[in-house]
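What follows is a set of notes on a single structure, which appears directly below.
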Amino acid sequence: MSKPLRLAALLLLALQLAGCSKSGPPPLLIGITGNSSDALFSVAEQHQFFAHENQPVQTRRYASASEAGKALAKGEVDAISSDIVETVKLYEQVEWQPKIIWALAYSNGRHVLLGRPGIDSSAALAGKRLAYRQGTLDTLAVYLALQKAKLPLTQIQHIDIPAGATGESLSQGSADALLLPVLEAEALQARHAWTKLFDSSQSPEILLDVIVAEERHAQRRGPDFDKMMRALGRAAKIAAPQTGQVWLDRPQQNIYFAAGGRLADALYHADAALRGVGIAHKPACGRLCIDNRVMDLPSE
């Protein structure tokens, strides 16, 4: 082989080795808790939307939204799939600023408030025993139901729901009203003629599932988050319908993240609900908890 050919072969080999040594972008680690909105990550993965963006995304399962929030605070994950109430709670607990970077879905009838036979309106719940999971998104659902009857949360007696309890088992207890997922509520209505007093379709677009990141980290990995969000926007368009839930794609994000938009309104109600049960104390986070980078993403 002549010297020029040998040099060319060596140069080609060097270029190939250099190409092989390049690593792809680091994956984004997202904490999930098994709620229905986490399915969007599976849809994006199955359809290779993350691969199309050249941005790997890995999910890490936690037992609860609270545990996922702690993982975010420790830096174990880059962001968490959470909800509007957990965002306010996280803001209350940490010194740094949590930021909502994407709205995944909203409850549109997924949360249902039932009353025992004889209780036919939310107004009739004054002084009554209501079973729900306090400090969760359920608190916001109860707050919204009582708000329509002009009742504060302090006017009802809270009964906690034990882990593993079902609508059927709770109906045998002392509660006068129950907040349940829609499928359990429908079964209880059919069997025992409990009355539907409220469902989240009556206060649409407030009970939101969202993605939350830490402000400085979101700035450092902003381009990576942008790629993930573009993938999730595509996934929202093709995800299978969920009972009582509405997926939010990229164009719909504008309605939520715009100044004075629906996300700010939802945060206002979440803050008020948590103050009503003595959980929120800091000045309301409001727009402080909203990252507007999604507004710069092109619509598809």
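In the structure tokens, chains take the letters A, B, ... in the order shown, each chain's residues start at 1, and ligands count up from 1 in the order shown.
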
Can I get the residues of stretch 94-174 of chain A within 9 Å of stretch 288-291 of chain A, each with the closest pair of atoms and their distance in Å to one decimal, using only C-alpha atoms, sorted chain first then ascending number, as a tab-separated table?
residue	atom	partner	partner_atom	distance
A:Gln97	CA	A:Cys289	CA	7.0
A:Pro98	CA	A:Cys289	CA	5.8
A:Lys99	CA	A:Cys289	CA	4.5
A:Ile100	CA	A:Ile290	CA	4.9
A:Ile101	CA	A:Asp291	CA	5.3
A:Trp102	CA	A:Asp291	CA	8.4

Show which residues sit within 9 Å of stretch 216-221 of chain A, as a PyMOL selection string. Count only C-alpha atoms, and ignore same-chain residues fewer than 2 positions away. chain A and resi 28+78-79+96-97+99+101+213-214+223-226+291

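Shell of A:Ile279 at 10 Å, with only C-alpha atoms counted and residues fewer than 2 places along the chain excluded, is Val88, Lys89, Glu92, Gln134, Gly135, Asp271, Ala272, Ala273, Leu274, Arg275, Gly276, Val277, His281 and Lys282 of chain A.
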
Go ahead and compute the interatomic distance for atom CA of A:Ser201 and atom CA of A:Leu183, in Å to one decimal. 14.5 Å

Contact residues around A:Gln48 with only C-alpha atoms at 12 Å, ignoring same-chain residues under 6 positions, as a short mmCIF file (atom, residue, chain, number, x, y, z; two decimals) with N, CA and C atoms, in the first residue's frame:
data_model
loop_
_atom_site.label_atom_id
_atom_site.label_comp_id
_atom_site.auth_asym_id
_atom_site.auth_seq_id
_atom_site.Cartn_x
_atom_site.Cartn_y
_atom_site.Cartn_z
N PHE A 41 -45.57 8.68 29.35
CA PHE A 41 -44.15 8.36 29.14
C PHE A 41 -44.01 7.03 28.41
N SER A 42 -44.87 6.08 28.76
CA SER A 42 -44.83 4.78 28.08
C SER A 42 -45.21 4.92 26.61
N ASN A 54 -33.69 12.35 19.99
CA ASN A 54 -32.34 12.05 20.47
C ASN A 54 -32.18 12.46 21.94
N GLN A 55 -33.20 12.16 22.73
CA GLN A 55 -33.15 12.47 24.15
C GLN A 55 -33.72 11.30 24.94
N PRO A 56 -32.85 10.42 25.47
CA PRO A 56 -33.37 9.32 26.28
C PRO A 56 -34.04 9.82 27.56
N VAL A 57 -35.11 9.17 27.94
CA VAL A 57 -35.85 9.48 29.16
C VAL A 57 -36.07 8.19 29.93
N MET A 228 -37.82 16.45 25.50
CA MET A 228 -38.76 15.56 26.18
C MET A 228 -40.19 16.07 26.02
N ALA A 231 -41.66 15.40 22.65
CA ALA A 231 -42.06 14.00 22.55
C ALA A 231 -43.38 13.74 23.27
N LEU A 232 -43.53 14.33 24.45
CA LEU A 232 -44.77 14.14 25.22
C LEU A 232 -45.96 14.79 24.51
N ARG A 234 -46.39 14.93 21.29
CA ARG A 234 -46.82 13.98 20.26
C ARG A 234 -47.57 12.81 20.90
N ALA A 235 -47.06 12.34 22.04
CA ALA A 235 -47.70 11.21 22.71
C ALA A 235 -49.13 11.55 23.14
#

Using only C-alpha atoms: which of A:Ile206, A:Leu40, A:Ala126, A:Leu114 has the shortest distance to A:Leu144: A:Ile206

Non-local contacts of A:Gly233 (8 Å; only C-alpha atoms; under 2 positions in same chain excluded) as a ChimeraX atom specification: /A:229-231,235-237,248-250

Resulting file, chosen residues, N, CA and C atoms, as a CSV table (one decimal), in the first residue's frame:
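Saved the output as part-v4.csv:
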chain,number,residue,atom,x,y,z
A,229,MET,N,-40.4,17.4,26.2
A,229,MET,CA,-41.7,17.9,26.1
A,229,MET,C,-42.3,17.8,24.7
A,230,ARG,N,-41.4,18.0,23.7
A,230,ARG,CA,-41.9,17.8,22.3
A,230,ARG,C,-42.4,16.4,22.1
A,231,ALA,N,-41.7,15.4,22.6
A,231,ALA,CA,-42.1,14.0,22.5
A,231,ALA,C,-43.4,13.7,23.3
A,235,ALA,N,-47.1,12.3,22.0
A,235,ALA,CA,-47.7,11.2,22.7
A,235,ALA,C,-49.1,11.6,23.1
A,236,ALA,N,-49.3,12.8,23.6
A,236,ALA,CA,-50.7,13.2,24.0
A,236,ALA,C,-51.7,13.1,22.9
A,237,LYS,N,-51.3,13.3,21.7
A,237,LYS,CA,-52.2,13.3,20.5
A,237,LYS,C,-52.7,11.9,20.2
A,248,LEU,N,-53.3,16.6,27.5
A,248,LEU,CA,-53.0,18.0,27.0
A,248,LEU,C,-51.8,17.9,26.0
A,249,ASP,N,-52.0,18.3,24.8
A,249,ASP,CA,-50.9,18.3,23.8
A,249,ASP,C,-50.2,19.6,23.7
A,250,ARG,N,-49.2,19.8,22.8
A,250,ARG,CA,-48.4,21.0,22.8
A,250,ARG,C,-49.3,22.3,22.6

Identify, with DSSP run on backbone atoms, the residues in stretch 12-101 of chain A assigned to strand (DSSP E or B), and express the list as JSON, numbers by chain. {"A": [28, 29, 30, 31, 32, 57, 58, 59, 60, 61, 79, 80, 81, 82, 83, 98, 99, 100, 101]}

Between atom CA of A:Tyr143 and atom CA of A:Tyr256 - distance in Å to one decimal: 20.9 Å

Among stretch 171-262 of chain A, which ones does DSSP assign to helix (DSSP H, G or I) (computed from the backbone)? Answer as a PyMOL selection string. chain A and resi 171+182-192+200-202+215-220+222-238+250-257+262

Which is closest to A:Ser36 among A:Ser23, A:Ser203, A:Ser82, A:Thr59, if we use only C-alpha atoms?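 The answer is A:Ser82, which sits nearest to A:Ser36.
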
If I take atom CA of A:Met295 and atom CA of A:Ala44, how far is one from the other in Å, to one decimal? 20.6 Å

Distance table requested - stretch 24-139 of chain A against stretch 151-162 of chain A, cut-off 10 Å, only C-alpha atoms: one row per qualifying residue with the closest atom pair and its distance in Å to one decimal, ordered by chain and rising residue number, as a tab-separated table.
residue	atom	partner	partner_atom	distance
A:Ser122	CA	A:Leu151	CA	8.4
A:Ala123	CA	A:Leu151	CA	7.0
A:Ala124	CA	A:Leu151	CA	9.7
A:Leu125	CA	A:Ile156	CA	6.6
A:Ala126	CA	A:Gln155	CA	5.4
A:Gly127	CA	A:Ile156	CA	4.8
A:Lys128	CA	A:Ile156	CA	5.4
A:Arg129	CA	A:Gln157	CA	4.6
A:Leu130	CA	A:His158	CA	5.2
A:Ala131	CA	A:Ile159	CA	4.4
A:Tyr132	CA	A:Asp160	CA	5.7
A:Arg133	CA	A:Asp160	CA	5.7
A:Gln134	CA	A:Asp160	CA	6.9
A:Thr139	CA	A:Leu153	CA	9.0
